[in-house]
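Asker: Below is the file protein.cif, with mmCIF, C-alpha atoms.
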```cif
data_target
#
loop_
_atom_site.label_atom_id
_atom_site.label_comp_id
_atom_site.auth_asym_id
_atom_site.auth_seq_id
_atom_site.Cartn_x
_atom_site.Cartn_y
_atom_site.Cartn_z
CA MET A 1 20.29 -8.28 -29.19
CA ASP A 2 20.08 -9.02 -32.89
CA GLU A 3 22.84 -10.75 -34.80
CA PRO A 4 24.56 -8.59 -37.42
CA SER A 5 22.81 -9.22 -40.74
CA PRO A 6 21.23 -7.27 -43.60
CA PHE A 7 17.90 -8.16 -42.02
CA GLY A 8 18.80 -6.72 -38.61
CA ARG A 9 16.28 -3.91 -38.77
CA ALA A 10 13.50 -6.21 -39.84
CA LYS A 11 14.37 -8.52 -36.97
CA THR A 12 14.35 -5.61 -34.58
CA ARG A 13 10.96 -4.45 -35.82
CA TRP A 14 9.61 -7.99 -35.52
CA TRP A 15 10.92 -8.34 -32.00
CA TRP A 16 9.42 -5.06 -30.82
CA ALA A 17 6.10 -5.98 -32.43
CA ALA A 18 6.16 -9.32 -30.60
CA LEU A 19 7.04 -7.68 -27.29
CA GLY A 20 4.30 -5.10 -27.80
CA THR A 21 1.80 -7.86 -28.48
CA ILE A 22 2.77 -9.63 -25.25
CA ALA A 23 2.45 -6.35 -23.33
CA VAL A 24 -1.00 -5.74 -24.81
CA VAL A 25 -2.08 -9.23 -23.77
CA ALA A 26 -0.67 -8.56 -20.31
CA LEU A 27 -2.60 -5.29 -20.12
CA ALA A 28 -5.84 -6.91 -21.28
CA TRP A 29 -5.53 -9.64 -18.66
CA ARG A 30 -4.70 -7.15 -15.90
CA VAL A 31 -7.56 -4.82 -16.80
CA GLY A 32 -9.97 -7.74 -16.99
CA TYR A 33 -8.73 -9.08 -13.67
CA THR A 34 -9.07 -5.65 -12.08
CA LEU A 35 -12.60 -5.10 -13.36
CA ALA A 36 -13.69 -8.61 -12.40
CA THR A 37 -12.29 -8.52 -8.85
CA HIS A 38 -12.40 -4.81 -7.93
CA GLY A 39 -14.48 -3.07 -10.59
CA ASP A 40 -17.12 -1.86 -8.16
CA ASP A 41 -14.90 -1.73 -5.06
CA SER A 42 -14.04 1.82 -4.03
CA ARG A 43 -13.53 1.05 -0.33
CA LEU A 44 -9.89 0.95 0.67
CA PHE A 45 -10.07 0.89 4.45
CA ASP A 46 -9.97 -2.90 4.23
CA GLU A 47 -6.90 -3.02 1.94
CA GLY A 48 -4.09 -1.92 4.23
CA ASP A 49 -1.68 0.68 2.86
CA ALA A 50 -3.83 1.17 -0.27
CA PHE A 51 -5.97 3.69 1.59
CA VAL A 52 -2.92 5.82 2.40
CA TYR A 53 -1.62 5.84 -1.18
CA SER A 54 -5.06 6.60 -2.63
CA ALA A 55 -5.88 9.39 -0.17
CA LEU A 56 -2.50 11.07 -0.57
CA ALA A 57 -2.80 10.93 -4.37
CA HIS A 58 -6.23 12.56 -4.15
CA GLU A 59 -4.97 15.27 -1.78
CA SER A 60 -1.90 15.91 -3.93
CA ALA A 61 -4.02 16.16 -7.09
CA ASP A 62 -5.98 18.92 -5.33
CA GLY A 63 -2.76 20.81 -4.58
CA ARG A 64 -2.30 19.62 -0.99
CA TRP A 65 0.93 17.76 -1.63
CA PHE A 66 1.40 14.75 0.65
CA GLU A 67 -0.95 16.16 3.29
CA ASP A 68 -2.75 13.98 5.77
CA PRO A 69 -6.43 14.10 4.70
CA PHE A 70 -7.47 14.07 8.35
CA GLY A 71 -4.87 16.29 10.00
CA GLY A 72 -3.55 18.46 7.19
CA SER A 73 0.10 17.90 8.10
CA HIS A 74 2.85 16.58 5.82
CA VAL A 75 2.94 12.76 5.56
CA ALA A 76 6.01 10.66 4.76
CA GLU A 77 4.85 7.26 5.93
CA HIS A 78 5.92 5.79 2.57
CA PRO A 79 8.32 6.90 -0.17
CA PRO A 80 6.58 9.19 -2.68
CA LEU A 81 6.86 7.54 -6.11
CA THR A 82 3.65 5.50 -5.92
CA VAL A 83 1.61 8.59 -5.06
CA VAL A 84 3.25 10.51 -7.90
CA ALA A 85 2.39 7.71 -10.33
CA LEU A 86 -1.25 7.89 -9.23
CA LEU A 87 -1.47 11.67 -9.67
CA PRO A 88 -2.56 11.82 -13.36
CA ALA A 89 -5.47 9.43 -12.88
CA SER A 90 -6.42 11.07 -9.57
CA ALA A 91 -6.48 14.53 -11.16
CA ALA A 92 -8.26 13.47 -14.36
CA PHE A 93 -10.91 11.32 -12.68
CA ASP A 94 -11.46 13.21 -9.43
CA GLY A 95 -9.75 10.67 -7.21
CA SER A 96 -11.58 7.66 -8.70
CA VAL A 97 -10.33 4.50 -7.01
CA LEU A 98 -11.05 2.47 -10.15
CA ALA A 99 -8.92 4.88 -12.20
CA GLN A 100 -6.13 4.41 -9.66
CA ARG A 101 -6.47 0.63 -9.86
CA LEU A 102 -6.35 0.71 -13.65
CA THR A 103 -3.26 2.91 -13.46
CA MET A 104 -1.55 0.07 -11.65
CA SER A 105 -2.74 -2.34 -14.34
CA VAL A 106 -1.06 -0.17 -16.97
CA ILE A 107 2.12 0.02 -14.89
CA GLY A 108 2.04 -3.76 -14.49
CA ALA A 109 1.91 -4.16 -18.28
CA LEU A 110 4.84 -1.75 -18.63
CA ALA A 111 6.72 -3.90 -16.12
CA VAL A 112 6.12 -6.91 -18.39
CA GLY A 113 7.74 -5.03 -21.24
CA MET A 114 10.67 -3.99 -19.08
CA ILE A 115 11.24 -7.57 -17.91
CA GLY A 116 11.27 -8.57 -21.57
CA LEU A 117 14.01 -6.01 -22.20
CA VAL A 118 16.02 -7.47 -19.32
CA GLY A 119 15.73 -10.98 -20.74
CA ARG A 120 16.79 -9.71 -24.18
CA ALA A 121 19.81 -7.93 -22.70
CA VAL A 122 20.85 -11.15 -20.94
CA ALA A 123 20.48 -13.71 -23.70
CA GLY A 124 18.91 -12.31 -26.83
CA PRO A 125 15.48 -11.92 -28.43
CA ALA A 126 14.01 -15.32 -27.59
CA ALA A 127 14.91 -15.01 -23.91
CA GLY A 128 13.42 -11.52 -23.89
CA LEU A 129 10.07 -12.68 -25.24
CA GLY A 130 10.15 -15.67 -22.90
CA ALA A 131 10.77 -13.43 -19.89
CA ALA A 132 7.89 -11.17 -20.92
CA GLY A 133 5.69 -14.22 -21.34
CA PHE A 134 6.53 -15.53 -17.87
CA ALA A 135 5.89 -12.05 -16.43
CA THR A 136 2.51 -11.89 -18.18
CA ALA A 137 1.38 -15.20 -16.72
CA ASN A 138 3.03 -15.10 -13.29
CA PRO A 139 0.29 -14.61 -10.66
CA ASN A 140 2.81 -13.18 -8.23
CA LEU A 141 3.05 -10.14 -10.49
CA TRP A 142 -0.47 -9.62 -11.85
CA ILE A 143 -2.06 -10.23 -8.46
CA ASN A 144 -0.79 -6.79 -7.41
CA ASP A 145 -1.98 -4.92 -10.49
CA ALA A 146 -5.52 -4.35 -9.24
CA LEU A 147 -4.34 -2.79 -5.97
CA VAL A 148 -3.49 0.80 -5.14
CA MET A 149 -0.14 -0.16 -3.66
CA SER A 150 3.53 0.05 -4.56
CA GLU A 151 4.24 -3.46 -5.85
CA SER A 152 3.29 -2.88 -9.50
CA LEU A 153 5.56 0.15 -9.69
CA ALA A 154 8.28 -1.72 -7.80
CA ALA A 155 8.26 -4.45 -10.47
CA LEU A 156 8.84 -1.79 -13.12
CA VAL A 157 11.70 -0.04 -11.32
CA VAL A 158 13.34 -3.34 -10.38
CA GLY A 159 13.30 -4.19 -14.08
CA ILE A 160 14.93 -0.84 -14.88
CA VAL A 161 17.71 -1.46 -12.33
CA LEU A 162 18.33 -4.97 -13.67
CA LEU A 163 18.49 -3.68 -17.24
CA PHE A 164 21.11 -1.09 -16.27
CA ALA A 165 23.07 -3.74 -14.37
CA VAL A 166 23.20 -6.10 -17.35
CA ARG A 167 24.19 -3.35 -19.76
CA LEU A 168 26.90 -2.06 -17.45
CA TRP A 169 28.31 -5.57 -17.16
CA ARG A 170 28.31 -5.93 -20.95
CA ASP A 171 29.96 -2.55 -21.54
CA GLY A 172 33.00 -3.46 -19.48
CA GLU A 173 34.11 0.17 -19.45
CA PRO A 174 30.79 2.02 -19.04
CA SER A 175 30.51 5.71 -19.75
CA GLY A 176 29.93 8.22 -16.98
CA ARG A 177 26.46 8.86 -18.38
CA MET A 178 25.58 5.16 -18.07
CA VAL A 179 26.88 5.04 -14.49
CA ILE A 180 24.86 8.12 -13.57
CA GLY A 181 21.77 6.58 -15.13
CA PHE A 182 22.34 3.41 -13.14
CA GLY A 183 22.62 5.37 -9.90
CA ALA A 184 19.54 7.41 -10.74
CA ALA A 185 17.61 4.18 -11.38
CA CYS A 186 18.63 2.95 -7.93
CA GLY A 187 17.47 6.24 -6.44
CA LEU A 188 14.16 5.87 -8.27
CA ALA A 189 13.80 2.38 -6.79
CA MET A 190 14.37 3.81 -3.31
CA LEU A 191 11.61 6.37 -3.92
CA CYS A 192 9.29 3.46 -4.68
CA ARG A 193 10.16 1.16 -1.80
CA ALA A 194 12.82 2.07 0.75
CA GLU A 195 14.30 -1.43 0.97
CA LEU A 196 15.18 -1.31 -2.74
CA GLY A 197 17.98 1.00 -1.68
CA LEU A 198 19.84 -2.27 -1.04
CA PHE A 199 20.39 -2.42 -4.80
CA LEU A 200 23.16 0.13 -4.28
CA PRO A 201 25.51 -2.12 -2.27
CA PHE A 202 24.35 -5.41 -3.79
CA VAL A 203 24.27 -4.48 -7.49
CA VAL A 204 26.14 -1.24 -8.16
CA ALA A 205 29.49 -2.33 -6.76
CA PRO A 206 29.56 -5.76 -8.49
CA ALA A 207 28.36 -4.23 -11.76
CA LEU A 208 31.11 -1.63 -11.77
CA GLY A 209 33.82 -3.72 -10.16
CA TRP A 210 34.76 -3.41 -6.52
CA ARG A 211 37.94 -1.47 -7.29
CA ARG A 212 36.27 1.20 -9.41
CA TRP A 213 35.59 3.52 -6.51
CA ARG A 214 35.03 6.55 -8.71
CA GLY A 215 32.25 4.83 -10.60
CA ILE A 216 30.66 3.54 -7.40
CA ALA A 217 30.83 7.03 -5.88
CA LEU A 218 29.33 8.54 -9.04
CA ALA A 219 26.43 6.07 -9.00
CA ALA A 220 25.84 6.62 -5.28
CA GLY A 221 25.92 10.38 -5.83
CA ALA A 222 23.37 10.13 -8.63
CA ALA A 223 21.09 8.08 -6.37
CA ALA A 224 21.47 10.68 -3.61
CA VAL A 225 20.56 13.50 -6.01
CA VAL A 226 17.34 11.70 -6.94
CA VAL A 227 16.41 11.02 -3.32
CA LEU A 228 17.54 14.33 -1.78
CA PRO A 229 14.56 16.57 -2.70
CA TRP A 230 12.06 14.24 -1.03
CA SER A 231 14.29 13.63 1.98
CA ALA A 232 15.07 17.34 2.51
CA TRP A 233 11.46 18.44 2.10
CA SER A 234 10.15 15.80 4.49
CA THR A 235 12.89 16.58 7.02
CA ILE A 236 11.96 20.28 6.99
CA GLU A 237 8.20 19.68 7.09
CA LEU A 238 8.32 17.14 9.90
CA ASP A 239 11.20 18.73 11.83
CA ARG A 240 12.95 15.37 12.14
CA PRO A 241 15.45 13.49 9.97
CA VAL A 242 13.70 11.59 7.18
CA LEU A 243 15.59 9.54 4.61
CA MET A 244 12.82 7.69 2.81
CA SER A 245 9.88 7.37 5.20
CA THR A 246 8.83 7.66 8.81
CA ASN A 247 7.46 4.17 9.37
CA ASP A 248 10.71 2.60 10.54
CA THR A 249 9.63 2.86 14.17
CA THR A 250 6.21 1.31 13.60
CA THR A 251 7.74 -1.44 11.45
CA LEU A 252 10.21 -2.45 14.15
CA LEU A 253 7.69 -2.16 16.98
CA GLY A 254 5.09 -4.23 15.17
CA ALA A 255 7.61 -6.92 14.22
CA ASN A 256 9.32 -7.35 17.58
CA CYS A 257 6.90 -8.04 20.41
CA HIS A 258 5.20 -10.93 22.18
CA ASP A 259 2.49 -11.24 19.52
CA THR A 260 5.03 -11.87 16.74
CA TYR A 261 7.56 -13.96 18.69
CA PHE A 262 5.17 -16.46 20.23
CA ASP A 263 1.98 -18.35 19.50
CA GLY A 264 0.67 -18.78 15.95
CA ASN A 265 1.64 -15.33 14.69
CA VAL A 266 5.38 -15.82 14.93
CA GLY A 267 7.18 -14.01 12.11
CA THR A 268 4.35 -11.58 11.34
CA TRP A 269 3.66 -7.91 12.12
CA SER A 270 1.15 -6.74 14.73
CA LEU A 271 -0.71 -3.43 14.71
CA PHE A 272 -1.76 -4.08 18.31
CA CYS A 273 1.87 -4.06 19.40
CA VAL A 274 2.32 -0.66 17.75
CA THR A 275 -0.74 0.89 19.37
CA ARG A 276 0.16 -0.49 22.79
CA SER A 277 3.76 0.69 22.46
CA GLN A 278 2.75 4.14 21.27
CA ARG A 279 0.35 4.53 24.19
CA ALA A 280 3.16 3.54 26.49
CA GLY A 281 5.45 6.13 24.90
CA GLU A 282 7.86 3.52 23.58
CA SER A 283 10.11 3.90 20.52
CA THR A 284 12.54 2.12 18.25
CA ALA A 285 14.89 1.62 21.19
CA ASP A 286 12.21 -0.44 22.91
CA ALA A 287 11.86 -2.70 19.87
CA ILE A 288 15.62 -3.24 19.85
CA HIS A 289 15.52 -3.93 23.58
CA TYR A 290 12.83 -6.56 23.01
CA VAL A 291 15.05 -8.28 20.43
CA ARG A 292 18.04 -8.27 22.79
CA THR A 293 16.03 -9.77 25.63
CA HIS A 294 14.62 -12.52 23.40
CA LEU A 295 17.70 -13.55 21.44
CA GLY A 296 17.02 -17.21 22.13
CA ARG A 297 13.73 -16.92 20.29
CA LEU A 298 15.13 -14.89 17.38
CA PRO A 299 16.38 -17.79 15.18
CA LEU A 300 12.91 -19.34 15.08
CA VAL A 301 11.35 -15.94 14.41
CA VAL A 302 13.72 -15.30 11.49
CA VAL A 303 13.00 -18.74 10.02
CA ALA A 304 9.27 -18.04 10.31
CA ARG A 305 9.70 -14.64 8.64
CA GLU A 306 11.56 -16.17 5.73
CA GLY A 307 9.07 -19.01 5.56
CA ARG A 308 6.12 -16.64 5.37
CA THR A 309 7.76 -14.76 2.51
CA PHE A 310 8.86 -17.84 0.58
CA GLY A 311 5.82 -19.94 1.38
CA PHE A 312 7.13 -22.79 3.50
CA TRP A 313 5.70 -21.58 6.84
CA ARG A 314 1.92 -21.54 7.30
CA PRO A 315 1.03 -20.65 3.68
CA GLY A 316 -2.63 -20.47 4.61
CA ASP A 317 -1.86 -17.57 6.97
CA GLN A 318 -0.12 -15.74 4.16
CA VAL A 319 -3.06 -16.24 1.83
CA ARG A 320 -5.25 -14.66 4.50
CA SER A 321 -2.78 -11.75 4.71
CA ASN A 322 -3.09 -11.33 0.96
CA VAL A 323 -6.88 -11.38 1.18
CA TYR A 324 -6.73 -8.70 3.87
CA GLU A 325 -4.85 -6.45 1.45
CA GLY A 326 -7.34 -7.03 -1.36
CA ARG A 327 -5.88 -10.03 -3.21
CA PRO A 328 -8.41 -12.82 -3.90
CA GLY A 329 -7.73 -16.11 -2.15
CA TRP A 330 -7.72 -18.10 -5.41
CA ALA A 331 -5.14 -15.77 -6.96
CA SER A 332 -3.00 -15.97 -3.83
CA TRP A 333 -2.98 -19.77 -3.96
CA ALA A 334 -2.18 -19.58 -7.68
CA GLY A 335 0.82 -17.41 -6.83
CA TYR A 336 1.93 -19.86 -4.17
CA VAL A 337 1.79 -22.80 -6.59
CA ALA A 338 3.43 -20.80 -9.40
CA PHE A 339 6.37 -19.82 -7.20
CA TRP A 340 7.15 -23.40 -6.25
CA LEU A 341 6.68 -24.67 -9.79
CA LEU A 342 9.00 -21.98 -11.16
CA LEU A 343 11.61 -22.35 -8.43
CA PRO A 344 13.45 -25.40 -9.91
CA VAL A 345 13.30 -23.82 -13.38
CA THR A 346 14.70 -20.61 -11.94
CA LEU A 347 17.54 -22.43 -10.20
CA ALA A 348 18.29 -24.30 -13.42
CA GLY A 349 18.43 -20.98 -15.23
CA ALA A 350 20.81 -19.56 -12.63
CA VAL A 351 23.11 -22.61 -12.93
CA ALA A 352 23.04 -22.44 -16.73
CA LEU A 353 23.74 -18.71 -16.76
CA ARG A 354 26.64 -19.20 -14.38
CA ARG A 355 28.07 -22.02 -16.49
CA ARG A 356 27.52 -20.51 -19.94
CA LYS A 357 28.37 -16.94 -18.91
CA ASP A 358 25.97 -15.40 -21.43
CA GLY A 359 25.21 -12.65 -18.95
CA PRO A 360 25.72 -11.59 -15.34
CA LEU A 361 24.13 -13.63 -12.58
CA PHE A 362 24.80 -11.24 -9.69
CA PRO A 363 21.86 -8.84 -10.32
CA PHE A 364 19.41 -11.71 -9.99
CA VAL A 365 21.16 -13.13 -6.96
CA ALA A 366 20.98 -9.63 -5.46
CA CYS A 367 17.19 -9.72 -5.85
CA ALA A 368 17.07 -12.91 -3.77
CA VAL A 369 19.48 -11.51 -1.18
CA ILE A 370 17.40 -8.35 -0.79
CA VAL A 371 14.29 -10.44 -0.16
CA VAL A 372 16.08 -12.57 2.43
CA VAL A 373 17.56 -9.55 4.22
CA VAL A 374 14.32 -7.57 4.34
CA SER A 375 12.20 -10.51 5.48
CA GLY A 376 14.69 -11.62 8.12
CA ALA A 377 15.18 -8.12 9.50
CA PHE A 378 11.50 -7.18 9.64
CA TYR A 379 8.71 -9.68 8.95
CA GLY A 380 7.40 -12.03 6.31
CA LEU A 381 4.86 -11.35 3.56
CA PRO A 382 4.58 -12.82 0.04
CA ARG A 383 4.69 -9.34 -1.55
CA PHE A 384 8.14 -8.77 -0.04
CA ARG A 385 9.32 -11.42 -2.51
CA LEU A 386 8.62 -9.16 -5.50
CA PRO A 387 12.25 -8.47 -6.59
CA LEU A 388 12.83 -12.22 -6.74
CA ASP A 389 9.56 -12.75 -8.63
CA VAL A 390 10.85 -10.34 -11.28
CA ALA A 391 14.21 -12.13 -11.44
CA THR A 392 12.42 -15.49 -11.63
CA CYS A 393 10.76 -14.54 -14.93
CA VAL A 394 14.13 -13.78 -16.54
CA LEU A 395 15.95 -16.84 -15.20
CA ALA A 396 13.08 -19.19 -16.04
CA ALA A 397 13.05 -17.85 -19.60
CA TYR A 398 16.81 -18.33 -19.83
CA ALA A 399 16.51 -21.92 -18.58
CA THR A 400 13.80 -22.63 -21.15
CA CYS A 401 15.86 -21.19 -24.01
CA ALA A 402 19.01 -23.00 -22.87
CA ALA A 403 17.11 -26.31 -22.67
CA TYR A 404 15.65 -25.78 -26.14
CA ALA A 405 19.08 -24.94 -27.58
CA SER A 406 20.58 -28.04 -25.98
CA PHE A 407 17.75 -30.22 -27.30
CA SER A 408 18.18 -28.77 -30.80
CA ARG A 409 21.91 -29.46 -30.79
CA ARG A 410 21.39 -33.05 -29.70
CA ALA A 411 18.67 -33.56 -32.29
CA THR A 412 20.90 -32.12 -35.03
CA ALA A 413 23.85 -34.27 -33.96
CA SER A 414 21.64 -37.34 -33.89
CA SER A 415 20.28 -36.69 -37.40
CA ILE A 416 23.81 -36.23 -38.75
CA THR A 417 25.13 -39.47 -37.25
CA SER A 418 22.08 -41.52 -38.20
#
```
Starting from the file, give its structure as structure tokens.

Answerer:
Amino acid sequence: MDEPSPFGRAKTRWWWAALGTIAVVALAWRVGYTLATHGDDSRLFDEGDAFVYSALAHESADGRWFEDPFGGSHVAEHPPLTVVALLPASAAFDGSVLAQRLTMSVIGALAVGMIGLVGRAVAGPAAGLGAAGFATANPNLWINDALVMSESLAALVVGIVLLFAVRLWRDGEPSGRMVIGFGAACGLAMLCRAELGLFLPFVVAPALGWRRWRGIALAAGAAAVVVLPWSAWSTIELDRPVLMSTNDTTTLLGANCHDTYFDGNVGTWSLFCVTRSQRAGESTADAIHYVRTHLGRLPLVVVAREGRTFGFWRPGDQVRSNVYEGRPGWASWAGYVAFWLLLPVTLAGAVALRRRKDGPLFPFVACAVIVVVVSGAFYGLPRFRLPLDVATCVLAAYATCAAYASFSRRATASSITS
């Protein structure tokens, strides 16, 4: 936010030009990375969920909205926003996988710009450009921008939610329109990745104040309005209740079985457990039963899940998981190193923000809490850390700006006294 001055507009134009330049650099890097690593790769069977997103986007572009390309029935295995984002490229380029990959590169660059806006809302223009710079360079963000998956879009919508949270905190007495927009942003996040629905309890209530029940209800209602069309349509088509997706059963079954509680795969997810359970006619209740009968093992499993997400438990295994989903091994190791290098800077930024009170800390803490909750409840993967990776860029930029300001003050004081 620019200081009041007769040159305010010029400063604003300069800042937007600088942010645009950073976003263009981010886009160029992401497009180059995509072309270099996946330019001639149109096979998605070996990239996990990417095949589902790509196929559904192609079917939807042909007018068969969210239809299984093999069975023709409605599919709600994932929330719909990623498929919707892929629709323009799928329609214009006849389902080209490269066009879908480049769509994610563009979305990744937009996420860089959004993260810059969050940093600016927290601590001013310099922090905004710093946050965008960290987001441009952070491998944990650009590593996803060549894949036909939901992470690139999730980074963008997480940035939108954080921006609303900071502005609501600054307003003090936010308007009803702002509250509705905040709730709608949370609903949009849920339509991208179901677990981002945790932004509602972890961010909305603190942003509005725990006693402002009307505002909280208004935000929750706005989120429900955004989510309801997808939920109602899927419920009718599948003849079963669907909130966001239908993969809750498979997620729980694959995360809670012998393969993921014992041996070297502890804390992971197993497709073999799902196929065996489905053949045996088992369900979510069986996964819960497995947890209850192995409670003594659960603490170790939870630690392993968190460790696989945060990188302190068998990082080599997690790099292999990344490679399985289409992320190059070198980029995965770069992300691992970058996270640990940025972690102390991020913590310093959180401490400084808490002490200086330039902006709210709770939205960024909420990002970390969401990652911990999701990993502990289900299983561990580096890409589950994405909300925290977004928050890291902002807090690291704040720490850098705060350190520079402190150094400048000391240097000025020293020159005066000398």

Asker: Taking all atoms listed in the file into account, which of A:Pro80, A:Pro363, A:Gly176, A:Gly32 comes nearest Ala391 of chain A?

Answerer: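 Ranked by minimum distance to Ala391 of chain A, first place goes to A:Pro363.
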
Asker: Restricting the calculation to all atoms listed in the file, which member of A:His289, A:Arg308, A:Arg64, A:Arg356 is positioned closest to Ala123 of chain A?

Answerer: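 Looking at the shortest contact to Ala123 of chain A, the residue is A:Arg356.
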
Asker: Please write the residues picked by the PyMOL selection byres ((chain A and resi 330) around 12) on this file as a list of chain:residue names.

Answerer: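 What the PyMOL selection byres ((chain A and resi 330) around 12) grabs from the file is A:Thr37, A:Pro139, A:Asn140, A:Ile143, A:Gly316, A:Val319, A:Arg320, A:Asn322, A:Val323, A:Gly326, A:Arg327, A:Pro328, A:Gly329, A:Ala331, A:Ser332, A:Trp333, A:Ala334, A:Gly335, A:Tyr336, A:Val337.
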
Asker: Compile the contact shell of Leu252 of chain A as JSON, numbers by chain: residues with an atom at most 7 Å away, counting all atoms listed in the file, same-chain residues fewer than 4 positions apart removed.

Answerer: {"A": [248, 256, 284, 287, 378]}

Asker: So which residues touch Tyr404 of chain A within 12 Å, counting only C-alpha atoms, skipping near sequence neighbours fewer than 6 positions away, as a PyMOL selection string?

Answerer: chain A and resi 126-127+130+397-398+410-411

Asker: List as a list in words the protein and nucleic acid residues near Cys273 of chain A, meaning an atom at most 8 Å away when only C-alpha atoms are counted, but skip any in the same chain fewer than 5 places from it.

Answerer: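 Contacts, in chain order: Leu253, Gly254, Cys257 and Asp259 of chain A.
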
Asker: Using the chain letters and numbers from the file, give me the residues hit by the PyMOL selection byres ((chain A and resi 172) around 12), as a PyMOL selection string.

Answerer: chain A and resi 165-171+173-175+178-179+206-209+212+360

Asker: Report the residues retrieved by the PyMOL selection byres ((chain A and resi 222) around 6) from the displayed file, expressed as an MDAnalysis selection string.

Answerer: chainID A and resid 180 183:184 219:221 223:225

Asker: How would the residues just picked look written out with C-alpha atoms as a compact mmCIF listing (two decimals), in the frame of the given file?

Answerer:
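To be explicit, this is the file written out as out.txt:
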```
# COMPACT_ATOMS: atom_id res chain seq x y z
CA ILE A 180 24.86 8.12 -13.57
CA GLY A 183 22.62 5.37 -9.90
CA ALA A 184 19.54 7.41 -10.74
CA ALA A 219 26.43 6.07 -9.00
CA ALA A 220 25.84 6.62 -5.28
CA GLY A 221 25.92 10.38 -5.83
CA ALA A 223 21.09 8.08 -6.37
CA ALA A 224 21.47 10.68 -3.61
CA VAL A 225 20.56 13.50 -6.01
```

Asker: Identify, on the basis of all atoms listed in the file, every residue whose closest approach to segment 116-122 of chain A does not exceed 6 Å; exclude the query and any residue fewer than 3 positions from it along the same chain; express the result as a list in words.

Answerer: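 Non-adjacent residues within range: Gly113, Pro125, Ala127, Gly128, Leu129, Ala131, Ala132, Leu163, Gly359 and Val394 of chain A.
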
Asker: Figure out the distance between atom CA of Phe272 of chain A and atom CA of Asp317 of chain A, please, to one decimal in Å.

Answerer: 17.6 Å

Asker: Name the residues within 12 Å of (-15.6, -4.7, -6.6), counting all atoms listed in the file in the file's coordinates, and put them as a ChimeraX atom specification.

Answerer: /A:33-44,97-98,101,146-147,326-328
